[in-house]
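Source file: coords.cif; contents: mmCIF, N, CA and C atoms and all ligand atoms.
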```cif
data_model
loop_
_atom_site.group_PDB
_atom_site.id
_atom_site.type_symbol
_atom_site.label_atom_id
_atom_site.label_comp_id
_atom_site.auth_asym_id
_atom_site.auth_seq_id
_atom_site.Cartn_x
_atom_site.Cartn_y
_atom_site.Cartn_z
ATOM 1 N N MET A 1 87.741 79.712 176.948
ATOM 2 C CA MET A 1 87.319 80.851 176.115
ATOM 3 C C MET A 1 88.069 80.843 174.778
ATOM 4 N N ALA A 2 87.319 81.013 173.725
ATOM 5 C CA ALA A 2 87.948 80.993 172.402
ATOM 6 C C ALA A 2 88.762 82.266 172.184
ATOM 7 N N LYS A 3 89.911 82.063 171.616
ATOM 8 C CA LYS A 3 90.774 83.212 171.323
ATOM 9 C C LYS A 3 90.323 83.880 170.025
ATOM 10 N N PRO A 4 90.201 85.181 169.995
ATOM 11 C CA PRO A 4 89.873 85.830 168.716
ATOM 12 C C PRO A 4 91.021 85.649 167.733
ATOM 13 N N ARG A 5 90.677 85.489 166.487
ATOM 14 C CA ARG A 5 91.719 85.264 165.494
ATOM 15 C C ARG A 5 92.587 86.495 165.312
ATOM 16 N N ARG A 6 91.943 87.637 165.454
ATOM 17 C CA ARG A 6 92.685 88.877 165.278
ATOM 18 C C ARG A 6 92.410 89.810 166.434
ATOM 19 N N ASN A 7 93.411 90.513 166.797
ATOM 20 C CA ASN A 7 93.224 91.543 167.803
ATOM 21 C C ASN A 7 92.755 92.809 167.112
ATOM 22 N N TRP A 8 91.445 93.081 167.235
ATOM 23 C CA TRP A 8 90.905 94.207 166.458
ATOM 24 C C TRP A 8 91.424 95.532 166.954
ATOM 25 N N ILE A 9 91.763 95.592 168.231
ATOM 26 C CA ILE A 9 92.305 96.857 168.738
ATOM 27 C C ILE A 9 93.620 97.174 168.035
ATOM 28 N N GLN A 10 94.450 96.138 167.888
ATOM 29 C CA GLN A 10 95.719 96.346 167.189
ATOM 30 C C GLN A 10 95.488 96.707 165.731
ATOM 31 N N GLU A 11 94.487 96.038 165.128
ATOM 32 C CA GLU A 11 94.170 96.342 163.729
ATOM 33 C C GLU A 11 93.735 97.796 163.572
ATOM 34 N N GLU A 12 92.851 98.230 164.470
ATOM 35 C CA GLU A 12 92.368 99.608 164.425
ATOM 36 C C GLU A 12 93.531 100.584 164.577
ATOM 37 N N ARG A 13 94.376 100.272 165.519
ATOM 38 C CA ARG A 13 95.507 101.157 165.794
ATOM 39 C C ARG A 13 96.413 101.246 164.564
ATOM 40 N N ARG A 14 96.601 100.097 163.931
ATOM 41 C CA ARG A 14 97.454 100.074 162.749
ATOM 42 C C ARG A 14 96.879 100.963 161.653
ATOM 43 N N LYS A 15 95.547 100.907 161.508
ATOM 44 C CA LYS A 15 94.912 101.677 160.445
ATOM 45 C C LYS A 15 94.909 103.171 160.726
ATOM 46 N N THR A 16 94.800 103.533 162.003
ATOM 47 C CA THR A 16 94.717 104.960 162.306
ATOM 48 C C THR A 16 96.080 105.590 162.524
ATOM 49 N N LEU A 17 97.016 104.838 163.052
ATOM 50 C CA LEU A 17 98.293 105.455 163.412
ATOM 51 C C LEU A 17 99.406 105.189 162.411
ATOM 52 N N GLY A 18 99.235 104.155 161.612
ATOM 53 C CA GLY A 18 100.272 103.894 160.632
ATOM 54 C C GLY A 18 100.614 102.429 160.522
ATOM 55 N N ASP A 19 101.090 102.057 159.352
ATOM 56 C CA ASP A 19 101.426 100.661 159.093
ATOM 57 C C ASP A 19 102.808 100.291 159.605
ATOM 58 N N TRP A 20 103.658 101.291 159.742
ATOM 59 C CA TRP A 20 105.061 101.019 160.045
ATOM 60 C C TRP A 20 105.483 101.723 161.314
ATOM 61 N N VAL A 21 106.580 101.277 161.854
ATOM 62 C CA VAL A 21 107.041 101.896 163.091
ATOM 63 C C VAL A 21 108.452 102.454 162.933
ATOM 64 N N ALA A 22 108.676 103.503 163.664
ATOM 65 C CA ALA A 22 110.028 104.028 163.847
ATOM 66 C C ALA A 22 110.293 103.940 165.343
ATOM 67 N N PHE A 23 111.515 103.653 165.716
ATOM 68 C CA PHE A 23 111.802 103.614 167.140
ATOM 69 C C PHE A 23 113.108 104.305 167.437
ATOM 70 N N CYS A 24 113.191 104.780 168.656
ATOM 71 C CA CYS A 24 114.395 105.457 169.107
ATOM 72 C C CYS A 24 115.411 104.425 169.547
ATOM 73 N N LEU A 25 116.632 104.568 169.070
ATOM 74 C CA LEU A 25 117.683 103.615 169.432
ATOM 75 C C LEU A 25 118.135 103.808 170.877
ATOM 76 N N ASP A 26 117.846 104.975 171.421
ATOM 77 C CA ASP A 26 118.320 105.253 172.773
ATOM 78 C C ASP A 26 117.310 104.902 173.851
ATOM 79 N N CYS A 27 116.067 105.370 173.698
ATOM 80 C CA CYS A 27 115.107 105.143 174.786
ATOM 81 C C CYS A 27 114.003 104.173 174.403
ATOM 82 N N GLY A 28 113.936 103.773 173.122
ATOM 83 C CA GLY A 28 112.924 102.802 172.720
ATOM 84 C C GLY A 28 111.573 103.408 172.413
ATOM 85 N N HIS A 29 111.489 104.727 172.394
ATOM 86 C CA HIS A 29 110.237 105.401 172.055
ATOM 87 C C HIS A 29 109.771 104.976 170.660
ATOM 88 N N ILE A 30 108.466 104.737 170.519
ATOM 89 C CA ILE A 30 107.918 104.226 169.266
ATOM 90 C C ILE A 30 107.050 105.270 168.598
ATOM 91 N N LEU A 31 107.240 105.453 167.322
ATOM 92 C CA LEU A 31 106.341 106.275 166.511
ATOM 93 C C LEU A 31 105.797 105.390 165.406
ATOM 94 N N ARG A 32 104.492 105.516 165.132
ATOM 95 C CA ARG A 32 103.931 104.796 163.988
ATOM 96 C C ARG A 32 103.766 105.771 162.841
ATOM 97 N N TYR A 33 103.897 105.265 161.636
ATOM 98 C CA TYR A 33 103.763 106.165 160.496
ATOM 99 C C TYR A 33 103.262 105.407 159.281
ATOM 100 N N PHE A 34 102.699 106.164 158.345
ATOM 101 C CA PHE A 34 102.364 105.625 157.034
ATOM 102 C C PHE A 34 103.496 105.956 156.081
ATOM 103 N N LEU A 35 103.690 105.108 155.090
ATOM 104 C CA LEU A 35 104.761 105.348 154.129
ATOM 105 C C LEU A 35 104.617 106.715 153.461
ATOM 106 N N GLU A 36 103.358 107.138 153.243
ATOM 107 C CA GLU A 36 103.127 108.460 152.643
ATOM 108 C C GLU A 36 103.640 109.577 153.553
ATOM 109 N N GLY A 37 103.660 109.304 154.857
ATOM 110 C CA GLY A 37 104.073 110.342 155.804
ATOM 111 C C GLY A 37 105.512 110.203 156.241
ATOM 112 N N GLU A 38 106.236 109.357 155.547
ATOM 113 C CA GLU A 38 107.612 109.074 155.950
ATOM 114 C C GLU A 38 108.471 110.330 156.030
ATOM 115 N N ALA A 39 108.255 111.230 155.069
ATOM 116 C CA ALA A 39 109.074 112.441 155.023
ATOM 117 C C ALA A 39 108.844 113.335 156.235
ATOM 118 N N GLU A 40 107.681 113.157 156.882
ATOM 119 C CA GLU A 40 107.368 114.006 158.026
ATOM 120 C C GLU A 40 107.870 113.440 159.347
ATOM 121 N N LEU A 41 108.453 112.256 159.290
ATOM 122 C CA LEU A 41 108.994 111.699 160.527
ATOM 123 C C LEU A 41 110.093 112.603 161.066
ATOM 124 N N PRO A 42 110.103 112.817 162.364
ATOM 125 C CA PRO A 42 111.201 113.610 162.930
ATOM 126 C C PRO A 42 112.518 112.857 162.799
ATOM 127 N N ALA A 43 113.582 113.595 162.612
ATOM 128 C CA ALA A 43 114.894 112.966 162.480
ATOM 129 C C ALA A 43 115.375 112.452 163.830
ATOM 130 N N ARG A 44 114.880 113.096 164.870
ATOM 131 C CA ARG A 44 115.341 112.743 166.214
ATOM 132 C C ARG A 44 114.162 112.360 167.091
ATOM 133 N N CYS A 45 114.429 111.553 168.069
ATOM 134 C CA CYS A 45 113.403 111.132 169.014
ATOM 135 C C CYS A 45 112.812 112.339 169.736
ATOM 136 N N PRO A 46 111.466 112.450 169.746
ATOM 137 C CA PRO A 46 110.838 113.570 170.450
ATOM 138 C C PRO A 46 111.019 113.494 171.964
ATOM 139 N N GLN A 47 111.383 112.319 172.466
ATOM 140 C CA GLN A 47 111.539 112.147 173.913
ATOM 141 C C GLN A 47 112.947 112.503 174.375
ATOM 142 N N CYS A 48 113.934 111.996 173.673
ATOM 143 C CA CYS A 48 115.299 112.126 174.189
ATOM 144 C C CYS A 48 116.272 112.654 173.135
ATOM 145 N N ALA A 49 115.777 112.973 171.937
ATOM 146 C CA ALA A 49 116.626 113.466 170.855
ATOM 147 C C ALA A 49 117.645 112.437 170.389
ATOM 148 N N GLY A 50 117.388 111.173 170.686
ATOM 149 C CA GLY A 50 118.246 110.095 170.205
ATOM 150 C C GLY A 50 117.950 109.785 168.754
ATOM 151 N N GLU A 51 118.699 108.844 168.197
ATOM 152 C CA GLU A 51 118.528 108.514 166.791
ATOM 153 C C GLU A 51 117.262 107.701 166.573
ATOM 154 N N LEU A 52 116.428 108.144 165.647
ATOM 155 C CA LEU A 52 115.234 107.388 165.285
ATOM 156 C C LEU A 52 115.566 106.488 164.110
ATOM 157 N N ARG A 53 115.134 105.232 164.206
ATOM 158 C CA ARG A 53 115.344 104.308 163.093
ATOM 159 C C ARG A 53 113.985 103.880 162.573
ATOM 160 N N HIS A 54 113.772 104.007 161.277
ATOM 161 C CA HIS A 54 112.489 103.583 160.744
ATOM 162 C C HIS A 54 112.642 102.623 159.578
ATOM 163 N N ARG A 55 113.881 102.312 159.255
ATOM 164 C CA ARG A 55 114.111 101.294 158.235
ATOM 165 C C ARG A 55 115.264 100.409 158.649
ATOM 166 N N CYS A 56 115.277 99.210 158.107
ATOM 167 C CA CYS A 56 116.369 98.289 158.370
ATOM 168 C C CYS A 56 117.677 98.911 157.900
ATOM 169 N N PRO A 57 118.693 98.921 158.746
ATOM 170 C CA PRO A 57 119.975 99.502 158.334
ATOM 171 C C PRO A 57 120.671 98.687 157.247
ATOM 172 N N SER A 58 120.275 97.436 157.070
ATOM 173 C CA SER A 58 120.936 96.580 156.078
ATOM 174 C C SER A 58 120.265 96.640 154.716
ATOM 175 N N CYS A 59 118.926 96.543 154.678
ATOM 176 C CA CYS A 59 118.258 96.454 153.379
ATOM 177 C C CYS A 59 117.226 97.553 153.170
ATOM 178 N N SER A 60 117.075 98.460 154.147
ATOM 179 C CA SER A 60 116.148 99.587 154.044
ATOM 180 C C SER A 60 114.681 99.181 154.010
ATOM 181 N N ALA A 61 114.363 97.972 154.421
ATOM 182 C CA ALA A 61 112.956 97.590 154.516
ATOM 183 C C ALA A 61 112.319 98.333 155.682
ATOM 184 N N PRO A 62 111.075 98.794 155.501
ATOM 185 C CA PRO A 62 110.392 99.419 156.635
ATOM 186 C C PRO A 62 110.140 98.388 157.734
ATOM 187 N N ILE A 63 109.987 98.855 158.941
ATOM 188 C CA ILE A 63 109.840 97.961 160.085
ATOM 189 C C ILE A 63 108.367 97.898 160.476
ATOM 190 N N ALA A 64 107.827 96.693 160.511
ATOM 191 C CA ALA A 64 106.381 96.536 160.681
ATOM 192 C C ALA A 64 105.954 96.388 162.132
ATOM 193 N N SER A 65 106.842 95.981 162.983
ATOM 194 C CA SER A 65 106.443 95.720 164.358
ATOM 195 C C SER A 65 107.258 96.541 165.340
ATOM 196 N N ALA A 66 106.556 97.083 166.321
ATOM 197 C CA ALA A 66 107.235 97.843 167.364
ATOM 198 C C ALA A 66 108.158 96.965 168.191
ATOM 199 N N PHE A 67 107.956 95.651 168.077
ATOM 200 C CA PHE A 67 108.761 94.745 168.884
ATOM 201 C C PHE A 67 109.754 93.965 168.045
ATOM 202 N N ALA A 68 109.910 94.369 166.795
ATOM 203 C CA ALA A 68 110.848 93.672 165.924
ATOM 204 C C ALA A 68 112.272 93.863 166.438
ATOM 205 N N VAL A 69 113.004 92.786 166.424
ATOM 206 C CA VAL A 69 114.420 92.861 166.763
ATOM 207 C C VAL A 69 115.245 92.587 165.497
ATOM 208 N N ASP A 70 114.725 91.668 164.685
ATOM 209 C CA ASP A 70 115.370 91.359 163.417
ATOM 210 C C ASP A 70 114.484 91.816 162.263
ATOM 211 N N CYS A 71 115.122 92.188 161.174
ATOM 212 C CA CYS A 71 114.409 92.606 159.970
ATOM 213 C C CYS A 71 113.609 91.435 159.388
ATOM 214 N N GLU A 72 112.368 91.718 159.002
ATOM 215 C CA GLU A 72 111.549 90.658 158.407
ATOM 216 C C GLU A 72 112.031 90.290 157.008
ATOM 217 N N GLU A 73 112.716 91.191 156.358
ATOM 218 C CA GLU A 73 113.167 90.945 154.991
ATOM 219 C C GLU A 73 114.499 90.209 154.938
ATOM 220 N N CYS A 74 115.470 90.708 155.659
ATOM 221 C CA CYS A 74 116.814 90.151 155.513
ATOM 222 C C CYS A 74 117.324 89.465 156.769
ATOM 223 N N GLY A 75 116.595 89.608 157.878
ATOM 224 C CA GLY A 75 116.979 88.907 159.088
ATOM 225 C C GLY A 75 118.099 89.563 159.886
ATOM 226 N N GLU A 76 118.587 90.684 159.389
ATOM 227 C CA GLU A 76 119.626 91.391 160.133
ATOM 228 C C GLU A 76 118.987 92.096 161.330
ATOM 229 N N PRO A 77 119.730 92.240 162.406
ATOM 230 C CA PRO A 77 119.153 92.950 163.555
ATOM 231 C C PRO A 77 118.876 94.415 163.215
ATOM 232 N N VAL A 78 117.697 94.898 163.595
ATOM 233 C CA VAL A 78 117.373 96.300 163.340
ATOM 234 C C VAL A 78 117.569 97.149 164.591
ATOM 235 N N ARG A 79 117.787 96.490 165.712
ATOM 236 C CA ARG A 79 117.970 97.227 166.953
ATOM 237 C C ARG A 79 118.685 96.331 167.938
ATOM 238 N N SER A 80 119.128 96.921 169.003
ATOM 239 C CA SER A 80 119.746 96.133 170.046
ATOM 240 C C SER A 80 118.675 95.424 170.857
ATOM 241 N N ALA A 81 118.811 94.127 171.008
ATOM 242 C CA ALA A 81 117.841 93.360 171.782
ATOM 243 C C ALA A 81 117.925 93.726 173.260
ATOM 244 N N GLN A 82 118.953 94.433 173.600
ATOM 245 C CA GLN A 82 119.148 94.844 174.989
ATOM 246 C C GLN A 82 118.029 95.728 175.496
ATOM 247 N N LEU A 83 117.388 96.432 174.582
ATOM 248 C CA LEU A 83 116.291 97.301 174.977
ATOM 249 C C LEU A 83 115.213 96.542 175.729
ATOM 250 N N PHE A 84 115.100 95.254 175.438
ATOM 251 C CA PHE A 84 114.060 94.470 176.078
ATOM 252 C C PHE A 84 114.549 93.828 177.365
ATOM 253 N N GLY A 85 115.816 93.987 177.643
ATOM 254 C CA GLY A 85 116.361 93.449 178.887
ATOM 255 C C GLY A 85 116.212 94.471 179.997
ATOM 256 N N VAL A 86 116.978 94.264 181.028
ATOM 257 C CA VAL A 86 116.884 95.149 182.183
ATOM 258 C C VAL A 86 117.508 96.493 181.858
ATOM 259 N N GLN A 87 118.620 96.433 181.137
ATOM 260 C CA GLN A 87 119.356 97.659 180.908
ATOM 261 C C GLN A 87 118.833 98.375 179.665
ATOM 262 N N ILE A 88 118.247 99.518 179.860
ATOM 263 C CA ILE A 88 117.716 100.273 178.738
ATOM 264 C C ILE A 88 118.662 101.407 178.375
ATOM 265 N N ARG A 89 119.150 102.105 179.368
ATOM 266 C CA ARG A 89 120.064 103.203 179.099
ATOM 267 C C ARG A 89 121.463 102.677 178.833
ATOM 268 N N ARG A 90 122.125 103.344 177.936
ATOM 269 C CA ARG A 90 123.512 102.971 177.687
ATOM 270 C C ARG A 90 124.379 103.420 178.852
ATOM 271 N N PRO A 91 125.383 102.621 179.176
ATOM 272 C CA PRO A 91 126.294 103.091 180.232
ATOM 273 C C PRO A 91 127.018 104.351 179.773
ATOM 274 N N GLY A 92 127.275 105.224 180.718
ATOM 275 C CA GLY A 92 127.993 106.445 180.372
ATOM 276 C C GLY A 92 127.097 107.572 179.946
ATOM 277 N N ARG A 93 125.768 107.401 180.041
ATOM 278 C CA ARG A 93 124.852 108.494 179.683
ATOM 279 C C ARG A 93 124.132 108.997 180.898
HETATM 280 ZN ZN ZN B 101 114.482 108.454 172.572
HETATM 281 ZN ZN ZN B 102 116.649 94.168 156.347
#
```
Hey, can you dump this file as structure tokens for me?
Ligand SMILES: [Zn+2]
Ligand SMILES: [Zn+2]
Amino acid sequence: MAKPRRNWIQEERRKTLGDWVAFCLDCGHILRYFLEGEAELPARCPQCAGELRHRCPSCSAPIASAFAVDCEECGEPVRSAQLFGVQIRRPGR
């Protein structure tokens, strides 16, 4: 079976929900947003009130992928890769 060149569902989602993503550093909750709506992003995660990150901490580039671990612009890590491992919660919480 031929693979589609583009995943149209993802494309549609990107257009309706936003070009960029913000994610919670604590629970990994993802919010999509448009740059125009950046000011309306909640400061805290709606799920756990953890810190939401929506830009690279090193160069302030917006984050394009919900699964990004490194910044596309500067290559610095934008989140802990541990979120994708077994351990999601921080010890001591
Ligand atoms: Zn959270
Ligand atoms: Zn960066």
Residue with the minimum atom-to-atom distance to His54 in chain A, picked from A:Phe23, A:Leu35, A:Glu73, A:Gly28 with only C-alpha atoms counted, is A:Phe23
What separates CA of Arg32 in chain A and CA of Val69 in chain A is a distance of 16.1 Å
### Message
Within 6 Å of ligand ZN 102 (chain B) (counting only C-alpha atoms and all ligand atoms), which residues show up? I'd like them as a PyMOL selection string.
### Response
chain A and resi 56+58-61+71+73-76
query = Out of chain A, which residues get strand (DSSP E) from DSSP, as a list of chain:residue names?
reply = A:Trp20, A:Val21, A:Ala22, A:Phe23, A:Cys24, A:Ile30, A:Leu31, A:Arg32, A:Tyr33, A:Leu52, A:Arg53
Every residue with an atom at most 6 Å from (113.2, 105.6, 167.0) (file coordinates; only C-alpha atoms) is what I'm after, so could you write them as a list in words?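 Counting only C-alpha atoms, I find these residues within 6 Å of (113.2, 105.6, 167.0): Ala22, Phe23, Cys24, Leu25, His29, Ile30, Cys45, Leu52 and Arg53 of chain A.
If you measure from each of A:Pro42, A:Arg79, A:Arg14, A:Arg6 to Pro57 in chain A using only C-alpha atoms, the closest one turns out to be A:Arg79.
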